[in-house]
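> So that we are looking at the same thing, I have put the structure below in structure tokens.
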Amino acid sequence: MISVTPEITLDIQQSLKRFFGFDTFRGKQEAVIRHLMKGNDCFVIMPTGAGKSLCYQLPAIMMPGTALVISPLIALMKNQVDQLQALGIEAGFLNSSLSKSEYEQVKAKTISQELKLLYVAPESLVKEEFIEFLNQANISFVAVDEVHCISEWGHDFRPEYRRIRQILQYIPKVPLIALTATATPKVQLDIQHNLQLENAELFLTSFNRHNLYYEIRPKHNPIEQIIRFIKQNEGKSGIIYCLSRRKVEEISSLLNVNGIKAVPYHAGLDSSARTQHQDMFLKEQVQVVVATIAFGMGIDKPDVRYVIHYDVPKSIEGYYQETGRAGRDGLEGNCILFYDFSDIIKLEKFMKDKPLSERESGKHLLYEMASFSESGACRRKQLLHYFGESFEDARCSSMCDNCRYPKEKFDASTLVKSALQAVQETGGKFGVAHLVNILKGSRNQQILLYHHDQLKSHGLHTEKSEKEWKSIFTQLILQDFLMKDIDDYGVIRLEKKGEEYLKNPYPIQLIKYHEIEKIERDPVVAEDFKAFDEILFDKLKKLRKDIAREKDIPPYIIFQDPSLEDMAAKYPITLTEFQNIQGVGSGKAQKFAAPFLKLIQQYVEENEIERTAEIVVKTSGKNSANKLFIIQHIDRKTPLDEIAQLKNMSMEELMEEIEHIIYSGTRLNIDYYIQEVIDEDKQDEIYAYFRHSDTDNLSLAQQELGNVYSPEEVQLIRAKFYSEMAN
Ligand code: ADP
Ligand code: MG
Ligand code: ZN
């Protein structure tokens, strides 16, 4: 173990590298850590996979005393502590799973300040003797993880969480850090109120998960599709969500019959079976867990590569939390939902015995989910819009089905005007269903009651179907012409942009409505563009699994996938090189480096790999999707200007990406395009220049070639030259 004495106040940047092996902080991690270490309260709201744990783990290591971490899941505490111990950090937990002597031992280690982190469940906190014990310890600060459990409005309400604040009165005042991935404002307010965090600094980051690929498929032969998908993704872990226990059991056994190792997980299983199945999944003894929503919170397996929804979830919030469990390490994460409108109807029927208000809000959430699923607009944009975030500046980069296979558009100016007019004429007091009835010229009771058959907009477009109209309203809300007031029965109001449109209309294109049922295509799911040695990666993965089995811990505790990828890109063979690998701190290097170094050394020798001192260009999830897209289209000989258009990029941006791909070692043949746009003699002249020139500077080339070629022409030939010479 690395001993950390309070006297050594390491720079936090250095500590990040030393203990966790990371070079940079992510998002607001550093700001949170500095704020906390100055003795202030923090309220951290970041999506799953953002790296919230580090926000308290690093300060815990650096500050004198022991950090008290309150976390809801006893079954996962051991796991979290194992992860820290693998990093060389002293941590422990107290819960009912320990024997009397183990329990006392952990207490003693806390009092002697040997432990840097102590994990407890809220139910242990309330005991009087526990408060006595805490008063003997030197608590550096308190972290409340998964803090949304405090709220009844959240999806994982734990009544014991409500007592936390009260208990804290009995121990000396220390800073408090509360963390959650919840996205709903109502729950956020509830947390602030309950923990008296009104004065705590709020650290909120975007909910965008750039590496997740969202896809909705019609529910045709879902089992067959699921089995095919899993077989294509052999060796990768995944979760399948179903709504009923019966379905969970059924699908789990179907998968096993088909040679896929899967376990069921739902609240009907006894707790030892649940723990066992969860453990088997974490340790990769099974590939898939088939589960109800009872599974997932706090599971920090970083390399879940897909989350499949066999049934439609009950709300967008639920969908978002569940899909969020894919790709926490920032690498591949595929989210596939099988949608069938009759599932919505079924769910609605299940609610019929609930009190009216609950039924109403349940139905509302359900229909939001339906319209999300049926929409042709960017999924990512819709999700972020739902959580009150606008997504104007960032591109989805074809990381959702609707961006990857764009739907046909049509000139919607007249329809837009009519829709906005209907909202204006009714004073922004009605929901979409009623507005659609007006436009379709209905004379139902409601319409007659409000005399809405007298409106100018009444019956303006009887030819459009209800679904077509709903799709138009969804898009107008997404584009901020209209807003839907969720807190006020979902009534639709006119936004400034909408008012202006009515005064000065202009041509506008909207996505045509398509019945999801009728969408015919062979779904292909994103596979990351690999900038590393895949054969070596697989060998490293196997080695990791063998060691994990021997030590009886989950493989990712040894090294996570990003570390293995980095090894397979840089081929480290000395301990120093090894410590430069992402996610390898000194603790992990000491514990685990040897067998990995040996394997890499052997591999490098056998395959006569020339290791370069240069760092191989690494790609983030989003970039790799872009790259994959570009490579595939160049293979298909799509004209470059068309690729740029498809990706919503300028030609310069596209050329930059192409050069990047070539520089990192992939050969791209763009002759088909060059042939189209540059005369053959010109091509030869520019090519000859690069052959003999000792610089590849573009403007210099242009100059020396007598300024007769456009920068684009010169750049195209330079890319060709590099691809042919360097690769
Ligand atoms: P959250 O609790 O926010 O869902 P975690 O704390 O479980 O997220 O972290 C998710 C993943 O991100 C883990 O695999 C973790 O190792 C990784 N991670 C955290 N911080 C960094 C960082 N600064 N650089 C690289 N990876 C990081
Ligand atoms: Mg977490
Ligand atoms: Zn998209």
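To be explicit about the labels: the chains of the structure tokens are called A, B, and onward in the order shown, and within each one the residues are counted from 1, while ligands get numbers from 1 in the order they are shown.
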Would you mind listing, for every residue of chain A within 9 Å of ligand 3, the two atoms forming the shortest contact and the distance between them in Å to one decimal, using only C-alpha atoms and all ligand atoms, sorted by chain and ascending residue number, as a tab-separated table?

```
residue	atom	partner	partner_atom_place_in_ligand_line	distance
A:Tyr213	CA	ligand 3	1 (Zn)	8.6
A:Tyr214	CA	ligand 3	1 (Zn)	8.0
A:Ala377	CA	ligand 3	1 (Zn)	7.3
A:Cys378	CA	ligand 3	1 (Zn)	3.7
A:Arg379	CA	ligand 3	1 (Zn)	5.1
A:Arg380	CA	ligand 3	1 (Zn)	5.1
A:Lys381	CA	ligand 3	1 (Zn)	6.5
A:Gln382	CA	ligand 3	1 (Zn)	8.7
A:Arg395	CA	ligand 3	1 (Zn)	7.6
A:Cys396	CA	ligand 3	1 (Zn)	4.5
A:Ser397	CA	ligand 3	1 (Zn)	6.8
A:Ser398	CA	ligand 3	1 (Zn)	5.6
A:Met399	CA	ligand 3	1 (Zn)	5.6
A:Cys400	CA	ligand 3	1 (Zn)	4.3
A:Asp401	CA	ligand 3	1 (Zn)	6.8
A:Asn402	CA	ligand 3	1 (Zn)	5.8
A:Cys403	CA	ligand 3	1 (Zn)	4.4
A:Arg404	CA	ligand 3	1 (Zn)	7.2
```
> What's around segment 363-371 of chain A at 7 Å? Count only C-alpha atoms, leave out sequence neighbours fewer than 6 positions away in its own chain, and write the answer as a ChimeraX atom specification.
/A:314-316,344,348
> Produce a file of the selected residues containing N, CA and C atoms, as an mmCIF file, in the first residue's frame.

```cif
data_model
loop_
_atom_site.group_PDB
_atom_site.id
_atom_site.type_symbol
_atom_site.label_atom_id
_atom_site.label_comp_id
_atom_site.auth_asym_id
_atom_site.auth_seq_id
_atom_site.Cartn_x
_atom_site.Cartn_y
_atom_site.Cartn_z
ATOM 1 N N LYS A 314 -41.251 3.092 -18.957
ATOM 2 C CA LYS A 314 -42.436 3.860 -18.589
ATOM 3 C C LYS A 314 -42.252 5.363 -18.700
ATOM 4 N N SER A 315 -41.010 5.805 -18.819
ATOM 5 C CA SER A 315 -40.783 7.244 -18.950
ATOM 6 C C SER A 315 -39.436 7.485 -19.609
ATOM 7 N N ILE A 316 -39.263 8.701 -20.110
ATOM 8 C CA ILE A 316 -37.987 9.051 -20.730
ATOM 9 C C ILE A 316 -36.886 9.069 -19.671
ATOM 10 N N ILE A 344 -47.503 0.413 -25.247
ATOM 11 C CA ILE A 344 -47.922 1.633 -24.546
ATOM 12 C C ILE A 344 -49.338 1.436 -24.011
ATOM 13 N N GLU A 348 -50.643 1.348 -20.139
ATOM 14 C CA GLU A 348 -51.689 2.261 -19.699
ATOM 15 C C GLU A 348 -52.774 1.469 -18.957
#
```
> Gln188 of chain A: which residues within 12 Å, counting only C-alpha atoms, same-chain residues fewer than 4 positions away excluded, as a VMD selection string?
chain A and resid 43 to 46 146 to 154 178 to 184 192 to 198 202 to 204
> Using only C-alpha atoms and all ligand atoms, what table do you get, as JSON lines, when you list each residue of chain A with an atom no more than 9 Å from ligand 1, its nearest pair of atoms, and their distance in Å rounded to one decimal, rows by chain then rising number?

```
{"residue": "A:Leu16", "atom": "CA", "partner": "ligand 1", "partner_atom_place_in_ligand_line": "23 (N)", "distance": 7.6}
{"residue": "A:Phe20", "atom": "CA", "partner": "ligand 1", "partner_atom_place_in_ligand_line": "16 (O)", "distance": 8.0}
{"residue": "A:Gly21", "atom": "CA", "partner": "ligand 1", "partner_atom_place_in_ligand_line": "24 (N)", "distance": 8.2}
{"residue": "A:Phe22", "atom": "CA", "partner": "ligand 1", "partner_atom_place_in_ligand_line": "24 (N)", "distance": 5.0}
{"residue": "A:Asp23", "atom": "CA", "partner": "ligand 1", "partner_atom_place_in_ligand_line": "24 (N)", "distance": 6.9}
{"residue": "A:Thr24", "atom": "CA", "partner": "ligand 1", "partner_atom_place_in_ligand_line": "23 (N)", "distance": 5.3}
{"residue": "A:Phe25", "atom": "CA", "partner": "ligand 1", "partner_atom_place_in_ligand_line": "23 (N)", "distance": 3.8}
{"residue": "A:Arg26", "atom": "CA", "partner": "ligand 1", "partner_atom_place_in_ligand_line": "23 (N)", "distance": 4.5}
{"residue": "A:Gly27", "atom": "CA", "partner": "ligand 1", "partner_atom_place_in_ligand_line": "23 (N)", "distance": 8.1}
{"residue": "A:Gln29", "atom": "CA", "partner": "ligand 1", "partner_atom_place_in_ligand_line": "23 (N)", "distance": 7.3}
{"residue": "A:Glu30", "atom": "CA", "partner": "ligand 1", "partner_atom_place_in_ligand_line": "23 (N)", "distance": 8.8}
{"residue": "A:Ile45", "atom": "CA", "partner": "ligand 1", "partner_atom_place_in_ligand_line": "3 (O)", "distance": 8.7}
{"residue": "A:Met46", "atom": "CA", "partner": "ligand 1", "partner_atom_place_in_ligand_line": "3 (O)", "distance": 6.2}
{"residue": "A:Pro47", "atom": "CA", "partner": "ligand 1", "partner_atom_place_in_ligand_line": "3 (O)", "distance": 6.0}
{"residue": "A:Thr48", "atom": "CA", "partner": "ligand 1", "partner_atom_place_in_ligand_line": "4 (O)", "distance": 3.4}
{"residue": "A:Gly49", "atom": "CA", "partner": "ligand 1", "partner_atom_place_in_ligand_line": "4 (O)", "distance": 3.6}
{"residue": "A:Ala50", "atom": "CA", "partner": "ligand 1", "partner_atom_place_in_ligand_line": "3 (O)", "distance": 4.0}
{"residue": "A:Gly51", "atom": "CA", "partner": "ligand 1", "partner_atom_place_in_ligand_line": "9 (O)", "distance": 3.5}
{"residue": "A:Lys52", "atom": "CA", "partner": "ligand 1", "partner_atom_place_in_ligand_line": "3 (O)", "distance": 3.7}
{"residue": "A:Ser53", "atom": "CA", "partner": "ligand 1", "partner_atom_place_in_ligand_line": "6 (O)", "distance": 3.8}
{"residue": "A:Leu54", "atom": "CA", "partner": "ligand 1", "partner_atom_place_in_ligand_line": "6 (O)", "distance": 5.7}
{"residue": "A:Cys55", "atom": "CA", "partner": "ligand 1", "partner_atom_place_in_ligand_line": "6 (O)", "distance": 8.0}
{"residue": "A:Asp145", "atom": "CA", "partner": "ligand 1", "partner_atom_place_in_ligand_line": "2 (O)", "distance": 8.2}
{"residue": "A:Glu146", "atom": "CA", "partner": "ligand 1", "partner_atom_place_in_ligand_line": "2 (O)", "distance": 8.4}
{"residue": "A:Leu179", "atom": "CA", "partner": "ligand 1", "partner_atom_place_in_ligand_line": "2 (O)", "distance": 8.2}
{"residue": "A:Thr180", "atom": "CA", "partner": "ligand 1", "partner_atom_place_in_ligand_line": "3 (O)", "distance": 7.7}
{"residue": "A:Ala181", "atom": "CA", "partner": "ligand 1", "partner_atom_place_in_ligand_line": "3 (O)", "distance": 7.1}
{"residue": "A:Gly298", "atom": "CA", "partner": "ligand 1", "partner_atom_place_in_ligand_line": "2 (O)", "distance": 7.8}
{"residue": "A:Ile299", "atom": "CA", "partner": "ligand 1", "partner_atom_place_in_ligand_line": "7 (O)", "distance": 8.3}
{"residue": "A:Asp300", "atom": "CA", "partner": "ligand 1", "partner_atom_place_in_ligand_line": "7 (O)", "distance": 5.1}
{"residue": "A:Lys301", "atom": "CA", "partner": "ligand 1", "partner_atom_place_in_ligand_line": "14 (O)", "distance": 7.6}
{"residue": "A:Pro302", "atom": "CA", "partner": "ligand 1", "partner_atom_place_in_ligand_line": "14 (O)", "distance": 4.8}
{"residue": "A:Asp303", "atom": "CA", "partner": "ligand 1", "partner_atom_place_in_ligand_line": "14 (O)", "distance": 7.8}
{"residue": "A:Gly324", "atom": "CA", "partner": "ligand 1", "partner_atom_place_in_ligand_line": "4 (O)", "distance": 8.4}
{"residue": "A:Arg325", "atom": "CA", "partner": "ligand 1", "partner_atom_place_in_ligand_line": "4 (O)", "distance": 8.0}
{"residue": "A:Gly327", "atom": "CA", "partner": "ligand 1", "partner_atom_place_in_ligand_line": "11 (C)", "distance": 8.6}
{"residue": "A:Arg328", "atom": "CA", "partner": "ligand 1", "partner_atom_place_in_ligand_line": "10 (C)", "distance": 5.0}
{"residue": "A:Asp329", "atom": "CA", "partner": "ligand 1", "partner_atom_place_in_ligand_line": "14 (O)", "distance": 4.3}
{"residue": "A:Gly330", "atom": "CA", "partner": "ligand 1", "partner_atom_place_in_ligand_line": "12 (O)", "distance": 7.1}
{"residue": "A:Tyr556", "atom": "CA", "partner": "ligand 1", "partner_atom_place_in_ligand_line": "14 (O)", "distance": 8.5}
{"residue": "A:Gln560", "atom": "CA", "partner": "ligand 1", "partner_atom_place_in_ligand_line": "14 (O)", "distance": 6.8}
{"residue": "A:Asp561", "atom": "CA", "partner": "ligand 1", "partner_atom_place_in_ligand_line": "14 (O)", "distance": 8.6}
{"residue": "A:Pro562", "atom": "CA", "partner": "ligand 1", "partner_atom_place_in_ligand_line": "26 (N)", "distance": 8.2}
{"residue": "A:Gln582", "atom": "CA", "partner": "ligand 1", "partner_atom_place_in_ligand_line": "25 (C)", "distance": 7.4}
{"residue": "A:Gly583", "atom": "CA", "partner": "ligand 1", "partner_atom_place_in_ligand_line": "25 (C)", "distance": 6.7}
```
> Could you write out the selected residues, including N, CA and C atoms, as a tab-separated table (two decimals), in the first residue's frame?

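Below you can see part_37.tsv, which holds the result:
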```tsv
chain	number	residue	atom	x	y	z
A	16	LEU	N	-3.75	12.76	-9.09
A	16	LEU	CA	-4.64	12.13	-10.07
A	16	LEU	C	-3.84	11.11	-10.87
A	20	PHE	N	-4.62	7.35	-9.72
A	20	PHE	CA	-5.60	6.84	-10.68
A	20	PHE	C	-5.02	6.62	-12.07
A	21	GLY	N	-3.85	7.19	-12.31
A	21	GLY	CA	-3.21	7.01	-13.61
A	21	GLY	C	-3.84	7.84	-14.73
A	22	PHE	N	-4.65	8.84	-14.38
A	22	PHE	CA	-5.25	9.69	-15.41
A	22	PHE	C	-4.44	10.98	-15.56
A	23	ASP	N	-4.35	11.46	-16.80
A	23	ASP	CA	-3.57	12.68	-17.05
A	23	ASP	C	-4.38	13.94	-16.82
A	24	THR	N	-5.66	13.85	-17.10
A	24	THR	CA	-6.46	15.07	-16.96
A	24	THR	C	-7.77	14.78	-16.24
A	25	PHE	N	-8.29	15.84	-15.64
A	25	PHE	CA	-9.60	15.72	-15.03
A	25	PHE	C	-10.65	15.79	-16.12
A	26	ARG	N	-11.81	15.23	-15.81
A	26	ARG	CA	-12.91	15.30	-16.76
A	26	ARG	C	-13.90	16.33	-16.28
A	27	GLY	N	-14.46	17.06	-17.24
A	27	GLY	CA	-15.55	18.01	-16.91
A	27	GLY	C	-15.23	18.88	-15.73
A	29	GLN	N	-14.67	17.89	-12.58
A	29	GLN	CA	-14.07	17.17	-11.46
A	29	GLN	C	-13.12	18.05	-10.63
A	30	GLU	N	-12.23	18.73	-11.33
A	30	GLU	CA	-11.22	19.49	-10.60
A	30	GLU	C	-11.86	20.60	-9.77
A	45	ILE	N	-24.27	17.26	-9.92
A	45	ILE	CA	-25.23	16.58	-10.79
A	45	ILE	C	-24.55	16.35	-12.14
A	46	MET	N	-24.19	15.14	-12.39
A	46	MET	CA	-23.53	14.80	-13.65
A	46	MET	C	-24.09	13.47	-14.12
A	47	PRO	N	-24.13	13.25	-15.43
A	47	PRO	CA	-24.72	12.00	-15.91
A	47	PRO	C	-23.89	10.79	-15.52
A	48	THR	N	-24.49	9.65	-15.61
A	48	THR	CA	-23.79	8.40	-15.34
A	48	THR	C	-22.55	8.30	-16.22
A	49	GLY	N	-21.48	7.85	-15.63
A	49	GLY	CA	-20.26	7.69	-16.41
A	49	GLY	C	-19.40	8.94	-16.47
A	50	ALA	N	-19.88	10.04	-15.86
A	50	ALA	CA	-19.12	11.29	-15.91
A	50	ALA	C	-17.88	11.22	-15.01
A	51	GLY	N	-17.91	10.32	-14.04
A	51	GLY	CA	-16.77	10.22	-13.13
A	51	GLY	C	-17.02	10.92	-11.81
A	52	LYS	N	-18.19	10.70	-11.24
A	52	LYS	CA	-18.51	11.35	-9.98
A	52	LYS	C	-17.69	10.80	-8.81
A	53	SER	N	-17.43	9.48	-8.82
A	53	SER	CA	-16.74	8.89	-7.66
A	53	SER	C	-15.40	9.58	-7.39
A	54	LEU	N	-14.70	9.89	-8.47
A	54	LEU	CA	-13.39	10.51	-8.29
A	54	LEU	C	-13.48	11.83	-7.52
A	55	CYS	N	-14.63	12.51	-7.62
A	55	CYS	CA	-14.82	13.79	-6.95
A	55	CYS	C	-14.73	13.67	-5.43
A	145	ASP	N	-23.64	9.47	-1.98
A	145	ASP	CA	-23.72	9.08	-3.38
A	145	ASP	C	-25.15	8.66	-3.71
A	146	GLU	N	-25.51	8.70	-4.98
A	146	GLU	CA	-26.87	8.33	-5.42
A	146	GLU	C	-27.89	9.09	-4.56
A	179	LEU	N	-24.02	13.60	-4.49
A	179	LEU	CA	-23.84	13.33	-5.92
A	179	LEU	C	-24.99	12.51	-6.49
A	180	THR	N	-25.40	12.86	-7.70
A	180	THR	CA	-26.45	12.10	-8.37
A	180	THR	C	-26.41	12.32	-9.88
A	181	ALA	N	-27.07	11.41	-10.59
A	181	ALA	CA	-27.19	11.55	-12.05
A	181	ALA	C	-28.62	11.89	-12.43
A	298	GLY	N	-26.12	1.96	-9.24
A	298	GLY	CA	-24.88	1.72	-8.51
A	298	GLY	C	-23.98	0.67	-9.13
A	299	ILE	N	-24.47	0.00	-10.15
A	299	ILE	CA	-23.60	-0.96	-10.83
A	299	ILE	C	-22.58	-0.14	-11.61
A	300	ASP	N	-21.33	-0.16	-11.16
A	300	ASP	CA	-20.42	0.68	-11.94
A	300	ASP	C	-19.50	-0.13	-12.82
A	301	LYS	N	-20.01	-1.19	-13.36
A	301	LYS	CA	-19.25	-1.93	-14.38
A	301	LYS	C	-19.07	-0.98	-15.56
A	302	PRO	N	-17.81	-0.61	-15.84
A	302	PRO	CA	-17.60	0.46	-16.82
A	302	PRO	C	-17.74	0.01	-18.26
A	303	ASP	N	-17.73	-1.31	-18.51
A	303	ASP	CA	-17.66	-1.76	-19.90
A	303	ASP	C	-18.90	-2.54	-20.32
A	324	GLY	N	-28.12	4.80	-19.71
A	324	GLY	CA	-26.90	5.43	-19.19
A	324	GLY	C	-25.90	4.44	-18.64
A	325	ARG	N	-26.34	3.22	-18.38
A	325	ARG	CA	-25.43	2.22	-17.82
A	325	ARG	C	-24.50	1.63	-18.87
A	327	GLY	N	-21.49	1.88	-21.60
A	327	GLY	CA	-20.30	2.68	-21.96
A	327	GLY	C	-19.88	3.74	-20.97
A	328	ARG	N	-19.87	3.41	-19.68
A	328	ARG	CA	-19.44	4.41	-18.70
A	328	ARG	C	-18.00	4.80	-18.88
A	329	ASP	N	-17.20	3.91	-19.46
A	329	ASP	CA	-15.78	4.24	-19.65
A	329	ASP	C	-15.55	5.13	-20.87
A	330	GLY	N	-16.64	5.59	-21.49
A	330	GLY	CA	-16.49	6.50	-22.63
A	330	GLY	C	-16.29	5.77	-23.94
A	556	TYR	N	-12.58	-5.65	-14.63
A	556	TYR	CA	-12.32	-4.20	-14.77
A	556	TYR	C	-11.63	-3.61	-13.56
A	560	GLN	N	-9.17	-1.20	-16.76
A	560	GLN	CA	-10.37	-0.99	-17.54
A	560	GLN	C	-10.04	-1.01	-19.03
A	561	ASP	N	-11.07	-1.14	-19.85
A	561	ASP	CA	-10.86	-1.22	-21.30
A	561	ASP	C	-10.01	-0.07	-21.87
A	562	PRO	N	-10.24	1.18	-21.44
A	562	PRO	CA	-9.41	2.24	-22.04
A	562	PRO	C	-7.91	2.00	-21.78
A	582	GLN	N	-2.90	5.20	-19.82
A	582	GLN	CA	-4.07	5.80	-19.19
A	582	GLN	C	-4.68	4.87	-18.15
A	583	GLY	N	-4.95	5.42	-16.97
A	583	GLY	CA	-5.60	4.61	-15.94
A	583	GLY	C	-4.65	3.70	-15.16
```
> Do you know which residues are at most 9 Å from segment 273-289 of chain A counting only C-alpha atoms, after dropping those on the same chain fewer than 3 positions away, and could you put them as an NGL selection string?
:A and (75-76 or 230 or 234-241 or 252 or 255 or 260-267 or 269-270 or 295 or 299 or 301 or 545 or 548-549 or 552-556)
> Find the spatial neighbours of Glu132 of chain A, counting only C-alpha atoms, within a cut-off of 12 Å - ignore same-chain residues fewer than 2 positions away - and output them as a list in words.
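So the residues in contact are Lys107, Ile111, Leu125, Val126, Lys127, Glu128, Glu129, Phe130, Leu134, Asn135, Gln136, Ala137, Ile167, Tyr170, Ile171 and Pro172 of chain A.
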> Could those selected residues go to a file with all heavy atoms, as a compact mmCIF listing (two decimals), in the first residue's frame?

```
# COMPACT_ATOMS: atom_id res chain seq x y z
N LYS A 107 -13.82 -0.86 12.24
CA LYS A 107 -14.00 0.29 13.13
C LYS A 107 -12.65 0.75 13.69
O LYS A 107 -12.34 1.95 13.71
CB LYS A 107 -14.95 -0.06 14.27
CG LYS A 107 -16.42 0.15 13.87
CD LYS A 107 -17.39 -0.47 14.85
CE LYS A 107 -17.56 0.35 16.13
NZ LYS A 107 -18.64 -0.23 16.97
N ILE A 111 -10.76 4.40 13.35
CA ILE A 111 -10.36 5.24 14.48
C ILE A 111 -8.86 5.55 14.42
O ILE A 111 -8.44 6.67 14.70
CB ILE A 111 -10.78 4.59 15.81
CG1 ILE A 111 -12.32 4.59 15.89
CG2 ILE A 111 -10.19 5.36 17.01
CD1 ILE A 111 -12.89 3.75 17.00
N LEU A 125 -26.32 4.12 9.85
CA LEU A 125 -26.09 5.43 10.43
C LEU A 125 -26.97 5.73 11.63
O LEU A 125 -26.55 6.36 12.58
CB LEU A 125 -26.40 6.50 9.39
CG LEU A 125 -25.31 6.93 8.44
CD1 LEU A 125 -25.87 8.00 7.53
CD2 LEU A 125 -24.12 7.47 9.21
N VAL A 126 -28.21 5.29 11.54
CA VAL A 126 -29.19 5.72 12.55
C VAL A 126 -28.97 5.10 13.92
O VAL A 126 -29.52 5.57 14.91
CB VAL A 126 -30.64 5.44 12.08
CG1 VAL A 126 -31.05 6.46 11.05
CG2 VAL A 126 -30.77 4.05 11.51
N LYS A 127 -28.14 4.06 14.00
CA LYS A 127 -27.93 3.43 15.30
C LYS A 127 -27.08 4.32 16.21
O LYS A 127 -26.12 4.94 15.77
CB LYS A 127 -27.25 2.07 15.10
CG LYS A 127 -28.09 1.15 14.25
CD LYS A 127 -27.54 -0.26 14.24
CE LYS A 127 -28.35 -1.13 13.30
NZ LYS A 127 -27.60 -1.49 12.08
N GLU A 128 -27.46 4.31 17.48
CA GLU A 128 -26.81 5.21 18.42
C GLU A 128 -25.32 4.92 18.59
O GLU A 128 -24.49 5.81 18.60
CB GLU A 128 -27.51 5.09 19.78
CG GLU A 128 -27.32 6.32 20.63
CD GLU A 128 -28.27 6.27 21.83
OE1 GLU A 128 -29.48 6.09 21.59
OE2 GLU A 128 -27.77 6.38 22.95
N GLU A 129 -25.02 3.61 18.67
CA GLU A 129 -23.60 3.25 18.87
C GLU A 129 -22.76 3.68 17.67
O GLU A 129 -21.58 3.94 17.79
CB GLU A 129 -23.47 1.74 19.09
CG GLU A 129 -24.18 0.92 18.00
CD GLU A 129 -23.55 -0.44 17.79
OE1 GLU A 129 -23.52 -1.22 18.74
OE2 GLU A 129 -23.11 -0.71 16.66
N PHE A 130 -23.41 3.79 16.53
CA PHE A 130 -22.67 4.20 15.35
C PHE A 130 -22.26 5.66 15.46
O PHE A 130 -21.16 6.05 15.07
CB PHE A 130 -23.54 3.98 14.11
CG PHE A 130 -22.74 3.97 12.84
CD1 PHE A 130 -22.07 2.81 12.46
CD2 PHE A 130 -22.61 5.10 12.06
CE1 PHE A 130 -21.30 2.79 11.30
CE2 PHE A 130 -21.85 5.08 10.91
CZ PHE A 130 -21.19 3.93 10.53
N LEU A 134 -18.59 7.26 15.30
CA LEU A 134 -18.19 8.34 14.39
C LEU A 134 -17.50 9.47 15.15
O LEU A 134 -16.60 10.12 14.63
CB LEU A 134 -19.41 8.89 13.64
CG LEU A 134 -19.94 8.03 12.50
CD1 LEU A 134 -21.09 8.74 11.80
CD2 LEU A 134 -18.84 7.70 11.49
N ASN A 135 -17.94 9.67 16.38
CA ASN A 135 -17.34 10.75 17.16
C ASN A 135 -15.91 10.43 17.60
O ASN A 135 -15.14 11.32 17.90
CB ASN A 135 -18.22 11.09 18.35
CG ASN A 135 -19.30 12.08 17.93
OD1 ASN A 135 -19.01 13.08 17.28
ND2 ASN A 135 -20.55 11.76 18.24
N GLN A 136 -15.59 9.14 17.60
CA GLN A 136 -14.21 8.77 17.92
C GLN A 136 -13.32 8.88 16.69
O GLN A 136 -12.10 8.97 16.80
CB GLN A 136 -14.16 7.32 18.41
CG GLN A 136 -14.67 7.13 19.82
CD GLN A 136 -14.71 5.64 20.12
OE1 GLN A 136 -15.68 4.96 19.82
NE2 GLN A 136 -13.63 5.14 20.69
N ALA A 137 -13.94 8.81 15.54
CA ALA A 137 -13.16 8.84 14.30
C ALA A 137 -12.86 10.28 13.90
O ALA A 137 -13.46 11.22 14.41
CB ALA A 137 -13.93 8.15 13.19
N ILE A 167 -28.87 12.94 11.32
CA ILE A 167 -27.77 12.22 11.96
C ILE A 167 -26.49 13.06 11.96
O ILE A 167 -25.73 13.06 12.92
CB ILE A 167 -27.47 10.90 11.20
CG1 ILE A 167 -28.72 10.03 11.16
CG2 ILE A 167 -26.29 10.16 11.80
CD1 ILE A 167 -29.31 9.73 12.50
N TYR A 170 -25.09 15.11 14.85
CA TYR A 170 -24.43 14.55 16.02
C TYR A 170 -22.94 14.34 15.86
O TYR A 170 -22.27 13.91 16.77
CB TYR A 170 -25.09 13.21 16.40
CG TYR A 170 -26.55 13.37 16.74
CD1 TYR A 170 -27.53 12.89 15.89
CD2 TYR A 170 -26.93 14.04 17.91
CE1 TYR A 170 -28.87 13.06 16.18
CE2 TYR A 170 -28.27 14.22 18.21
CZ TYR A 170 -29.23 13.72 17.34
OH TYR A 170 -30.55 13.89 17.64
N ILE A 171 -22.42 14.60 14.69
CA ILE A 171 -20.96 14.49 14.55
C ILE A 171 -20.41 15.88 14.24
O ILE A 171 -21.16 16.77 13.82
CB ILE A 171 -20.55 13.47 13.46
CG1 ILE A 171 -21.05 13.90 12.08
CG2 ILE A 171 -21.07 12.08 13.79
CD1 ILE A 171 -20.44 13.09 10.94
N PRO A 172 -19.10 16.10 14.48
CA PRO A 172 -18.55 17.43 14.24
C PRO A 172 -18.81 17.88 12.81
O PRO A 172 -18.86 17.06 11.90
CB PRO A 172 -17.05 17.23 14.46
CG PRO A 172 -16.92 16.01 15.30
CD PRO A 172 -18.10 15.15 15.00
```
> Taking 2 positions as the minimum chain separation for residues in the same chain, which residues sit within 7 Å of segment 470-481 of chain A when counting only C-alpha atoms? Answer as an MDAnalysis selection string.
chainID A and resid 375 382 385 466:468 483:484 494:495 497:498 513
> Ranking A:Ser140, A:Thr110, A:Asn258, A:Gln80 by minimum distance to ligand 2 and counting only C-alpha atoms and all ligand atoms, which one comes first?
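The answer is A:Gln80, which sits nearest to ligand 2.
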